[in-house]
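protein.cif (mmCIF, C-alpha atoms and all ligand atoms) appears below.
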data_input
#
loop_
_atom_site.label_atom_id
_atom_site.label_comp_id
_atom_site.auth_asym_id
_atom_site.auth_seq_id
_atom_site.Cartn_x
_atom_site.Cartn_y
_atom_site.Cartn_z
CA MET X 860 114.03 172.48 84.05
CA ILE X 861 116.34 170.39 86.17
CA ARG X 862 119.04 172.42 87.83
CA GLY X 863 122.61 171.24 87.77
CA THR X 864 126.00 172.81 87.96
CA VAL X 865 129.60 172.03 87.14
CA HIS X 866 132.83 172.76 88.97
CA PHE X 867 136.16 172.72 87.14
CA LYS X 868 139.57 171.79 88.47
CA ILE X 869 140.92 174.83 86.64
CA GLU X 870 144.58 174.05 87.23
CA ILE X 871 144.42 170.78 85.27
CA CYS X 872 142.13 172.04 82.50
CA LYS X 873 143.91 172.47 79.16
CA GLY X 874 141.27 174.55 77.42
CA CYS X 875 140.69 171.93 74.74
CA GLU X 876 137.06 173.05 74.34
CA LEU X 877 135.75 169.50 73.99
CA CYS X 878 133.41 170.02 76.95
CA ILE X 879 132.16 173.21 75.35
CA VAL X 880 131.06 171.45 72.14
CA ALA X 881 129.67 168.49 74.10
CA CYS X 882 127.32 170.66 76.18
CA PRO X 883 123.79 170.54 74.72
CA GLN X 884 122.84 173.66 76.71
CA GLU X 885 125.77 175.76 75.47
CA SER X 886 126.46 176.54 79.12
CA LEU X 887 130.25 176.49 78.91
CA GLY X 888 132.95 178.75 77.55
CA LEU X 889 136.62 179.56 77.96
CA SER X 890 137.70 182.04 80.58
CA ASN X 891 139.70 185.11 79.67
CA LYS X 892 142.04 184.20 82.51
CA ILE X 893 144.78 181.60 82.19
CA ASN X 894 145.86 178.91 84.64
CA LEU X 895 149.40 178.11 85.79
CA GLN X 896 149.90 175.80 82.80
CA GLY X 897 149.15 178.77 80.55
CA TYR X 898 145.80 177.58 79.28
CA ARG X 899 142.53 179.46 79.17
CA PHE X 900 140.36 177.21 81.28
CA ALA X 901 136.72 176.23 80.84
CA GLU X 902 134.01 177.82 82.95
CA LEU X 903 130.25 178.04 83.29
CA ILE X 904 128.97 181.01 81.28
CA LYS X 905 125.21 180.51 81.60
CA ASP X 906 122.84 179.56 84.38
CA ASN X 907 121.14 176.77 82.44
CA CYS X 908 123.23 173.67 83.26
CA THR X 909 121.04 170.58 83.74
CA GLY X 910 123.78 168.35 85.16
CA CYS X 911 123.62 165.94 82.19
CA ILE X 912 127.35 165.09 82.67
CA ASN X 913 128.13 165.14 78.91
CA CYS X 914 130.98 167.61 79.47
CA ALA X 915 132.51 165.49 82.21
CA LEU X 916 132.32 162.33 80.11
CA VAL X 917 134.31 163.78 77.21
CA CYS X 918 136.84 165.74 79.29
CA PRO X 919 140.25 164.16 78.62
CA ASP X 920 141.69 165.59 81.81
CA ALA X 921 138.96 164.47 84.20
CA ALA X 922 138.69 168.08 85.34
CA ILE X 923 134.93 168.34 85.75
CA THR X 924 132.68 167.57 88.73
CA VAL X 925 128.94 167.62 88.14
CA TYR X 926 126.06 168.19 90.55
CA ARG X 927 122.35 167.86 89.91
CA GLU X 928 119.05 168.27 91.71
CA PRO X 929 118.22 164.96 93.36
CA LYS X 930 115.17 163.04 92.15
CA SER X 931 113.50 163.52 95.56
CA ALA X 932 113.72 167.31 95.22
CA LEU X 933 112.20 167.10 91.75
CA ARG X 934 109.26 165.14 93.09
CA LYS X 935 108.67 167.72 95.81
CA SER X 936 108.72 170.61 93.37
CA GLY X 937 106.47 168.74 90.94
CA LYS X 938 109.17 168.72 88.26
CA GLU X 939 109.45 164.97 87.95
CA ALA X 940 107.61 164.89 84.62
CA VAL X 941 110.67 166.48 83.01
CA GLU X 942 112.65 163.81 81.29
CA VAL X 943 116.31 163.35 82.21
CA LYS X 944 118.31 161.55 79.58
CA MET J 412 126.76 188.19 84.72
CA GLN J 413 127.15 186.38 88.01
CA ILE J 414 126.78 182.64 87.40
CA ASN J 415 125.20 180.57 90.13
CA ASP J 416 127.39 177.53 90.64
CA SER J 417 126.25 176.83 94.18
CA ILE J 418 125.77 173.16 94.96
CA GLU J 419 123.27 173.75 97.69
CA GLY J 420 120.42 171.26 97.37
CA LEU J 421 122.23 169.41 94.56
CA GLU J 422 123.79 165.97 94.68
CA LEU J 423 127.09 164.86 93.25
CA VAL J 424 126.52 162.99 89.97
CA TYR J 425 130.00 162.80 88.46
CA GLN J 426 133.54 163.22 89.69
CA ARG J 427 137.07 162.27 88.68
CA PRO J 428 137.63 158.63 89.73
CA ALA J 429 139.69 158.18 92.89
CA THR J 430 141.66 155.48 91.03
CA LEU J 431 143.42 158.21 89.06
CA THR J 432 146.33 159.81 90.89
CA ASP J 433 146.36 163.58 91.35
CA THR J 434 149.15 163.92 88.79
CA PRO J 435 147.91 165.98 85.83
CA PHE J 436 148.14 164.12 82.51
CA HIS J 437 151.02 165.25 80.32
CA TYR J 438 148.93 164.62 77.20
CA CYS J 439 148.30 167.40 74.71
CA PRO J 440 144.99 169.30 75.07
CA GLY J 441 142.08 167.17 73.84
CA CYS J 442 144.06 163.94 73.47
CA GLY J 443 141.91 160.79 73.59
CA HIS J 444 144.45 159.01 75.81
CA GLY J 445 143.07 160.98 78.75
CA VAL J 446 139.50 159.86 78.14
CA ALA J 447 140.56 156.21 77.82
CA HIS J 448 142.63 156.38 81.03
CA LYS J 449 139.78 157.96 82.91
CA LEU J 450 137.19 155.39 81.78
CA LEU J 451 139.42 152.43 82.55
CA MET J 452 139.98 153.76 86.05
CA GLU J 453 136.27 154.52 86.52
CA VAL J 454 135.51 150.87 85.78
CA VAL J 455 138.26 149.67 88.12
CA GLU J 456 136.85 151.92 90.84
CA GLU J 457 133.23 150.87 90.32
CA MET J 458 134.09 147.17 90.24
CA GLY J 459 136.18 147.56 93.39
CA ILE J 460 139.22 145.88 91.79
CA GLN J 461 141.88 148.55 92.37
CA GLU J 462 143.95 146.20 94.54
CA ASN J 463 143.58 143.34 92.07
CA THR J 464 144.30 144.99 88.75
CA ILE J 465 147.66 145.11 87.02
CA GLY J 466 148.20 147.24 83.92
CA VAL J 467 151.04 147.11 81.42
CA ALA J 468 152.09 150.44 79.92
CA PRO J 469 153.52 150.74 76.39
CA VAL J 470 156.11 152.88 74.71
CA GLY J 471 154.38 155.82 73.10
CA CYS J 472 152.67 158.89 74.48
CA SER J 473 151.04 156.75 77.17
CA VAL J 474 154.43 155.53 78.41
CA PHE J 475 153.76 157.24 81.74
CA ALA J 476 150.32 155.66 82.22
CA TYR J 477 151.61 154.31 85.53
CA HIS J 478 151.93 157.87 86.86
CA TYR J 479 148.20 158.34 86.38
CA MET J 480 146.52 155.01 86.98
CA ASN J 481 146.64 154.33 90.70
CA ILE J 482 147.03 150.57 90.39
CA ASP J 483 149.98 148.21 90.08
CA MET J 484 151.63 148.70 86.71
CA GLN J 485 154.57 147.42 84.74
CA GLU J 486 156.30 149.17 81.84
CA ALA J 487 157.06 147.01 78.80
CA ALA J 488 159.58 147.39 76.01
CA HIS J 489 158.17 148.86 72.80
CA GLY J 490 155.47 146.55 71.39
CA ARG J 491 155.89 143.89 74.05
CA ALA J 492 153.08 144.87 76.41
CA SER J 493 150.82 141.93 75.58
CA ALA J 494 153.72 139.49 76.06
CA VAL J 495 154.51 141.04 79.44
CA ALA J 496 150.82 140.95 80.35
CA THR J 497 150.79 137.26 79.40
CA GLY J 498 153.56 136.56 81.89
CA ILE J 499 151.89 138.52 84.66
CA LYS J 500 148.52 136.85 84.13
CA ARG J 501 150.02 133.37 84.05
CA VAL J 502 151.89 133.92 87.30
CA LEU J 503 149.01 135.75 88.97
CA PRO J 504 145.87 134.31 87.36
CA ASP J 505 143.58 135.83 89.99
CA LYS J 506 144.53 139.39 89.04
CA PHE J 507 142.79 141.45 86.38
CA VAL J 508 145.48 142.18 83.79
CA PHE J 509 145.37 144.57 80.86
CA SER J 510 147.81 146.06 78.39
CA TYR J 511 147.36 149.58 77.08
CA GLN J 512 149.01 150.26 73.73
CA GLY J 513 149.10 152.73 70.83
CA ASP J 514 148.97 151.78 67.17
CA GLY J 515 152.70 152.16 66.68
CA ASP J 516 153.30 149.95 69.69
CA LEU J 517 150.64 147.31 69.03
CA ALA J 518 150.29 147.24 65.26
CA ALA J 519 153.86 147.95 64.11
CA ILE J 520 156.73 146.81 66.31
CA GLY J 521 154.41 144.67 68.47
CA THR J 522 152.42 142.91 65.73
CA ALA J 523 153.87 139.48 66.48
CA GLU J 524 153.32 139.69 70.23
CA THR J 525 149.80 140.97 69.74
CA ILE J 526 148.72 138.26 67.31
CA HIS J 527 150.26 135.41 69.26
CA THR J 528 148.88 136.64 72.57
CA VAL J 529 145.37 136.64 71.14
CA ASN J 530 145.96 133.36 69.31
CA ARG J 531 146.84 131.75 72.63
CA GLY J 532 143.63 133.19 74.02
CA GLU J 533 145.46 134.74 76.96
CA ASN J 534 142.92 135.77 79.53
CA ILE J 535 143.74 139.48 79.47
CA LEU J 536 142.31 142.73 78.14
CA ILE J 537 144.21 144.49 75.38
CA VAL J 538 143.37 148.19 74.99
CA PHE J 539 144.46 149.47 71.59
CA ILE J 540 144.48 153.24 71.09
CA ASN J 541 144.37 153.86 67.35
CA ASN J 542 145.14 157.47 66.52
CA GLY J 543 146.63 156.67 63.12
CA ILE J 544 150.03 158.14 63.90
CA TYR J 545 153.12 157.91 66.10
CA GLY J 546 152.28 160.71 68.51
CA MET J 547 155.21 160.56 70.89
CA THR J 548 158.02 160.70 68.36
CA GLY J 549 156.66 163.56 66.28
CA GLY J 550 153.74 162.41 64.15
CA GLN J 551 155.30 159.82 61.85
CA MET J 552 153.21 157.47 59.71
CA ALA J 553 151.84 154.40 61.49
CA PRO J 554 150.53 151.15 59.96
CA THR J 555 147.05 152.54 60.67
CA THR J 556 147.62 155.91 58.92
CA LEU J 557 144.87 156.46 56.35
CA ILE J 558 145.47 156.60 52.60
CA GLY J 559 146.36 160.15 51.64
CA GLN J 560 146.92 161.16 55.27
CA ILE J 561 149.78 163.60 55.69
CA THR J 562 152.26 162.83 58.45
CA SER J 563 155.85 163.89 59.02
CA THR J 564 157.06 160.79 57.12
CA SER J 565 154.32 160.88 54.47
CA PRO J 566 154.40 164.57 53.58
CA TYR J 567 152.55 163.91 50.29
CA GLY J 568 150.01 161.66 51.96
CA ARG J 569 150.15 157.90 52.47
CA ASP J 570 150.49 156.20 49.07
CA GLU J 571 149.14 152.67 49.28
CA LYS J 572 151.12 151.58 46.20
CA LEU J 573 154.33 152.37 48.01
CA ILE J 574 153.40 151.79 51.65
CA GLY J 575 150.46 149.40 51.60
CA TYR J 576 146.99 149.85 52.99
CA PRO J 577 146.11 150.96 56.53
CA LEU J 578 146.22 147.87 58.71
CA LYS J 579 142.90 146.77 60.20
CA ILE J 580 144.59 144.70 62.85
CA THR J 581 141.43 144.49 64.95
CA ASP J 582 139.63 142.72 62.10
CA MET J 583 142.54 140.27 61.88
CA ILE J 584 142.39 139.69 65.63
CA ALA J 585 138.66 139.00 65.51
CA ILE J 586 139.05 135.88 63.36
CA LEU J 587 141.38 134.22 65.86
CA PRO J 588 139.65 131.57 68.01
CA GLY J 589 141.47 132.86 71.11
CA ALA J 590 139.70 136.21 70.85
CA PHE J 591 136.57 136.15 72.97
CA TYR J 592 135.32 139.72 72.71
CA VAL J 593 136.53 142.20 70.10
CA THR J 594 135.07 145.66 69.73
CA ARG J 595 135.92 149.04 68.23
CA GLN J 596 134.81 152.14 70.11
CA SER J 597 135.70 155.81 70.33
CA VAL J 598 135.97 158.76 72.70
CA ASN J 599 134.52 161.63 70.67
CA THR J 600 131.01 162.07 72.12
CA ALA J 601 129.32 161.47 75.44
CA GLY J 602 127.39 158.58 73.87
CA ASN J 603 130.54 156.91 72.56
CA VAL J 604 132.29 157.44 75.87
CA ARG J 605 129.47 155.56 77.60
CA LYS J 606 129.77 152.70 75.10
CA LEU J 607 133.52 152.46 75.57
CA LYS J 608 133.05 152.33 79.32
CA LYS J 609 130.55 149.50 78.89
CA ALA J 610 133.10 147.63 76.75
CA PHE J 611 135.73 147.97 79.52
CA GLN J 612 133.20 146.70 82.06
CA LYS J 613 132.27 143.69 79.93
CA SER J 614 135.92 142.84 79.33
CA PHE J 615 136.73 142.71 83.04
CA GLU J 616 133.60 140.61 83.66
CA PHE J 617 134.70 138.16 80.95
CA GLN J 618 138.19 138.06 82.41
CA LYS J 619 136.74 137.12 85.76
CA LEU J 620 135.11 134.15 84.01
CA ASN J 621 138.38 133.15 82.26
CA LYS J 622 136.87 133.56 78.82
CA GLY J 623 139.98 134.44 76.80
CA THR J 624 141.34 137.59 75.22
CA CYS J 625 139.23 140.73 75.13
CA PHE J 626 140.45 143.29 72.61
CA ILE J 627 139.17 146.85 72.53
CA GLU J 628 140.24 149.22 69.79
CA VAL J 629 139.66 152.85 70.67
CA VAL J 630 139.59 155.03 67.56
CA SER J 631 141.24 158.13 68.95
CA ASN J 632 142.73 161.45 67.94
CA CYS J 633 146.13 163.09 67.99
CA PRO J 634 145.47 166.80 67.66
CA SER J 635 149.20 167.62 67.82
CA GLY J 636 150.30 164.98 65.34
CA TRP J 637 147.46 165.78 62.98
CA GLY J 638 148.09 169.53 63.28
CA MET J 639 144.54 170.39 64.32
CA THR J 640 142.68 171.83 67.27
CA PRO J 641 141.03 169.17 69.45
CA VAL J 642 137.58 170.08 68.11
CA GLU J 643 138.82 169.90 64.49
CA ALA J 644 140.62 166.64 65.21
CA ASN J 645 137.47 164.96 66.53
CA LYS J 646 135.56 166.14 63.46
CA TRP J 647 138.31 164.84 61.16
CA MET J 648 138.25 161.54 63.02
CA GLU J 649 134.50 161.20 62.54
CA GLU J 650 134.71 162.02 58.84
CA ASN J 651 137.84 160.06 57.94
CA MET J 652 138.70 157.45 60.57
CA PHE J 653 135.18 156.13 61.26
CA PRO J 654 134.42 155.16 57.63
CA TYR J 655 137.62 153.07 57.49
CA TYR J 656 137.52 151.89 61.09
CA PRO J 657 133.76 151.54 61.70
CA LEU J 658 132.68 151.48 65.32
CA GLY J 659 130.92 148.49 66.80
CA ASP J 660 131.46 144.94 67.94
CA LEU J 661 133.59 142.69 65.72
CA LYS J 662 133.19 139.61 67.83
CA VAL J 663 130.67 139.08 70.59
CA PRO J 664 130.33 135.99 72.72
CA ARG J 665 127.62 133.70 71.46
CA THR J 666 124.75 133.25 73.87
CA GLU J 667 124.03 129.79 75.21
CA LYS J 668 120.96 129.62 72.98
CA GLU J 669 122.93 130.36 69.81
CA LYS J 670 125.46 127.71 70.76
CA GLY J 671 122.64 125.20 71.18
CA SER J 672 121.17 125.89 67.78
CA ASN J 673 124.58 125.61 66.09
CA ASN J 674 125.21 122.22 67.63
CA ALA J 675 121.79 120.93 66.58
C1 LIG X 1001 162.66 149.67 70.17
C2 LIG X 1001 162.15 151.05 69.93
N1 LIG X 1001 161.95 151.47 68.65
C3 LIG X 1001 161.47 152.71 68.42
C4 LIG X 1001 161.21 153.56 69.46
C5 LIG X 1001 160.70 154.95 69.16
N2 LIG X 1001 159.30 155.11 69.44
C6 LIG X 1001 158.87 155.59 70.62
S1 LIG X 1001 157.20 155.75 70.70
C7 LIG X 1001 157.03 155.17 69.13
C8 LIG X 1001 155.69 155.05 68.49
C9 LIG X 1001 154.54 155.49 69.32
O1 LIG X 1001 153.36 155.51 68.61
P1 LIG X 1001 152.03 154.88 69.13
O2 LIG X 1001 152.25 153.52 69.66
O3 LIG X 1001 151.03 155.01 68.02
O4 LIG X 1001 151.58 155.74 70.38
P2 LIG X 1001 151.17 157.27 70.50
O5 LIG X 1001 152.41 157.99 70.85
O6 LIG X 1001 150.56 157.70 69.20
O7 LIG X 1001 150.18 157.26 71.61
C10 LIG X 1001 158.28 154.87 68.57
C11 LIG X 1001 158.45 154.36 67.21
C12 LIG X 1001 161.45 153.09 70.77
N3 LIG X 1001 161.18 153.85 71.83
N4 LIG X 1001 161.90 151.84 70.96
S1 LIG X 1002 137.18 169.17 78.30
FE1 LIG X 1002 138.28 169.28 80.26
S2 LIG X 1002 140.35 169.96 79.74
FE2 LIG X 1002 139.05 170.37 77.95
S3 LIG X 1002 138.39 172.52 78.22
FE3 LIG X 1002 136.81 171.22 79.15
S4 LIG X 1002 137.39 171.05 81.34
FE4 LIG X 1002 139.18 171.79 80.21
S1 LIG X 1003 151.17 163.70 70.59
FE1 LIG X 1003 149.14 163.01 70.04
S2 LIG X 1003 148.84 161.03 71.10
FE2 LIG X 1003 150.56 162.08 72.07
S3 LIG X 1003 149.68 163.21 73.82
FE3 LIG X 1003 149.76 164.61 72.07
S4 LIG X 1003 147.78 164.44 71.09
FE4 LIG X 1003 148.03 162.65 72.43
#
Serialized structure, C-alpha cells:
Amino acid sequence: MIRGTVHFKIEICKGCELCIVACPQESLGLSNKINLQGYRFAELIKDNCTGCINCALVCPDAAITVYREPKSALRKSGKEAVEVK
Amino acid sequence: MQINDSIEGLELVYQRPATLTDTPFHYCPGCGHGVAHKLLMEVVEEMGIQENTIGVAPVGCSVFAYHYMNIDMQEAAHGRASAVATGIKRVLPDKFVFSYQGDGDLAAIGTAETIHTVNRGENILIVFINNGIYGMTGGQMAPTTLIGQITSTSPYGRDEKLIGYPLKITDMIAILPGAFYVTRQSVNTAGNVRKLKKAFQKSFEFQKLNKGTCFIEVVSNCPSGWGMTPVEANKWMEENMFPYYPLGDLKVPRTEKEKGSNNA
C-alpha cells in the first residue's frame, strides 16, 4: 500500500468532521483535546493513510497538509503496480 | 497507539494555498463558504494571477472574504457585487474580475443587477453560493429556500402558495445570450470539489479570452442556519437540494465543429 500522512493546523480546525467522513481509509478521528477556539480538532488515528488528499479537498478551513510516497520510491520498492486514484 | 506521521521519504502533495491569508475563517464549522474560498484561491495561485485578480465581496456571511483572499478586493453594497464588478472590469479590462455572492445577495436584493450584468455579457466570473437561506442574519427564508423547508421566517415550512417556488436563477441566467458558461457544482465530496475547481479554472481561462459572463452556482450548506451538524447538513443537501438544483453544466461553449454544423 502507498504510504501517506496528514498534518493538521490544529489551531484553525473547527472539528466539523467532514474530513473524517471523506477519508476512505477511516484514518481520521477527533482528538479528546480541544484547541484555543474550543473545538476538538481532527487527528490521524490509524497508520493507514495513503495520501489520497480527499480530506484536504473537503476541509472548509484549509487546515490539512498531505504527504505521500513519491512515484520514484514506489518504483524502487516494486509497489508501482498499486493503483493511485 | 503511537501514530507514525513522519514525513520522511514522503513528498508534499497538498497544502493550503499561499493565496489565502493566515487569518482563520470566521465561518461556522463545516460551512461550504470555506471550501469555495479555498478552491478559488488555489486556482488563482496555480494560474499565477494573484497580482491580476480583483474580487468583489458581497453582504452576507462572506462579507469578510477580503480578509481571507490575498488579492485585491472591493466590498459592494448588498446585492450590487456584479454591478461593482462590471465597473472594475470595464476600467481595468486586463484584470481577472469575479464577484462572490450568496443567494440572499444575488437572487433576492441583487436580482436586477445579476440579470442585467449577465445580459450585457460582462466579461466577469460570478460565483453564486446557494445555501438556501440567509445565513448571516439568522437563517431567514431566501428565494432559493426549498418547499417545506423550515427557516426562522418560515417556521411551518416554505408554502409555495403563499411565497412562490424556489427560484432557479441559474436556469434563468443560462438562457441569456450574454452568459457564456453556466454550471452548477457543489462542495460536499472530494469528487465534487475537484469538479468545482475545474469550473473555476475554465471560467478564468474564458475570461482571458473575453468570452462573456461565466456563472458558477455552488450548491452549499449552512449547518447553523439549517440547525444540523456539518455531516448531517451535507447529507440533507444531497437528499433535498440536489434533486431541485441538479449538478452539472447548464450552458457550455459550443465547440467550433458544432458551430460549423449549425451554420450549414
Ligand atoms: C440593504 C440591506 N438589506 C438587508 C441587509 C441585511 N442582510 C445582511 S446579509 C443578508 C442576507 C445574506 O444571505 P446570503 O446572501 O444568502 O448569504 P449567506 O449569509 O447565506 O452566506 C441580509 C438580508 C443588509 N445588510 N443590507
Ligand atoms: S475538515 Fe478541516 S476543519 Fe473540519 S475537522 Fe477536518 S481538519 Fe478540522
Ligand atoms: S451561518 Fe451558515 S452560511 Fe454563514 S458561516 Fe455559518 S454555516 Fe456558513
* **Distance of atom CA of Ile923 of chain X from atom CA of Gln426 of chain J, expressed in Å to one decimal place** =>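 About the pair atom CA of Gln426 of chain J and atom CA of Ile923 of chain X: they are 6.6 Å apart.
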Given 3 Å on each side, where is the centre and what are the edge lengths in Å to one decimal of the axis-aligned box enclosing the listed atoms of ligand LIG 1003 (chain X), as JSON?
{"center_x": 149.5, "center_y": 162.8, "center_z": 71.9, "size_x": 9.4, "size_y": 9.6, "size_z": 9.8}
I need the contact residues of chain X against chain J, so if you could list those with any atom within 10 Å, counting all atoms listed in the file, and return them as a PDB file with C-alpha atoms, keeping the file's coordinate frame, that would help.
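Output contents, as saved in selection14.pdb:
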ATOM      1  CA  ARG X 862     119.040 172.420  87.830  1.00  0.00           C
ATOM      2  CA  GLY X 863     122.610 171.240  87.770  1.00  0.00           C
ATOM      3  CA  THR X 864     126.000 172.810  87.960  1.00  0.00           C
ATOM      4  CA  VAL X 865     129.600 172.030  87.140  1.00  0.00           C
ATOM      5  CA  HIS X 866     132.830 172.760  88.970  1.00  0.00           C
ATOM      6  CA  LYS X 868     139.570 171.790  88.470  1.00  0.00           C
ATOM      7  CA  GLU X 870     144.580 174.050  87.230  1.00  0.00           C
ATOM      8  CA  ILE X 871     144.420 170.780  85.270  1.00  0.00           C
ATOM      9  CA  CYS X 872     142.130 172.040  82.500  1.00  0.00           C
ATOM     10  CA  LYS X 873     143.910 172.470  79.160  1.00  0.00           C
ATOM     11  CA  GLY X 874     141.270 174.550  77.420  1.00  0.00           C
ATOM     12  CA  CYS X 875     140.690 171.930  74.740  1.00  0.00           C
ATOM     13  CA  GLU X 876     137.060 173.050  74.340  1.00  0.00           C
ATOM     14  CA  LEU X 877     135.750 169.500  73.990  1.00  0.00           C
ATOM     15  CA  CYS X 878     133.410 170.020  76.950  1.00  0.00           C
ATOM     16  CA  ILE X 879     132.160 173.210  75.350  1.00  0.00           C
ATOM     17  CA  VAL X 880     131.060 171.450  72.140  1.00  0.00           C
ATOM     18  CA  ALA X 881     129.670 168.490  74.100  1.00  0.00           C
ATOM     19  CA  CYS X 882     127.320 170.660  76.180  1.00  0.00           C
ATOM     20  CA  TYR X 898     145.800 177.580  79.280  1.00  0.00           C
ATOM     21  CA  GLU X 902     134.010 177.820  82.950  1.00  0.00           C
ATOM     22  CA  LEU X 903     130.250 178.040  83.290  1.00  0.00           C
ATOM     23  CA  ILE X 904     128.970 181.010  81.280  1.00  0.00           C
ATOM     24  CA  LYS X 905     125.210 180.510  81.600  1.00  0.00           C
ATOM     25  CA  ASP X 906     122.840 179.560  84.380  1.00  0.00           C
ATOM     26  CA  ASN X 907     121.140 176.770  82.440  1.00  0.00           C
ATOM     27  CA  CYS X 908     123.230 173.670  83.260  1.00  0.00           C
ATOM     28  CA  GLY X 910     123.780 168.350  85.160  1.00  0.00           C
ATOM     29  CA  CYS X 911     123.620 165.940  82.190  1.00  0.00           C
ATOM     30  CA  ILE X 912     127.350 165.090  82.670  1.00  0.00           C
ATOM     31  CA  ASN X 913     128.130 165.140  78.910  1.00  0.00           C
ATOM     32  CA  CYS X 914     130.980 167.610  79.470  1.00  0.00           C
ATOM     33  CA  ALA X 915     132.510 165.490  82.210  1.00  0.00           C
ATOM     34  CA  LEU X 916     132.320 162.330  80.110  1.00  0.00           C
ATOM     35  CA  VAL X 917     134.310 163.780  77.210  1.00  0.00           C
ATOM     36  CA  CYS X 918     136.840 165.740  79.290  1.00  0.00           C
ATOM     37  CA  PRO X 919     140.250 164.160  78.620  1.00  0.00           C
ATOM     38  CA  ASP X 920     141.690 165.590  81.810  1.00  0.00           C
ATOM     39  CA  ALA X 921     138.960 164.470  84.200  1.00  0.00           C
ATOM     40  CA  ALA X 922     138.690 168.080  85.340  1.00  0.00           C
ATOM     41  CA  ILE X 923     134.930 168.340  85.750  1.00  0.00           C
ATOM     42  CA  THR X 924     132.680 167.570  88.730  1.00  0.00           C
ATOM     43  CA  VAL X 925     128.940 167.620  88.140  1.00  0.00           C
ATOM     44  CA  TYR X 926     126.060 168.190  90.550  1.00  0.00           C
ATOM     45  CA  ARG X 927     122.350 167.860  89.910  1.00  0.00           C
ATOM     46  CA  GLU X 928     119.050 168.270  91.710  1.00  0.00           C
ATOM     47  CA  PRO X 929     118.220 164.960  93.360  1.00  0.00           C
ATOM     48  CA  LYS X 930     115.170 163.040  92.150  1.00  0.00           C
ATOM     49  CA  ALA X 932     113.720 167.310  95.220  1.00  0.00           C
TER      50      ALA X 932
END
* **Residue neighbourhood Gly636 of chain J, 9 Å, all atoms listed in the file, exclusion window fewer than 3 positions, as number ranges by chain** => J: 544-547, 549-551, 562-563, 632-633, 639
* To do: Could you check which of J:Cys625, J:Ile558, J:Ile535, J:Ala492 is closest to ligand LIG 1001 (chain X), using only C-alpha atoms and all ligand atoms?
  =>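 Selected residue with least distance to ligand LIG 1001 (chain X): J:Ala492.
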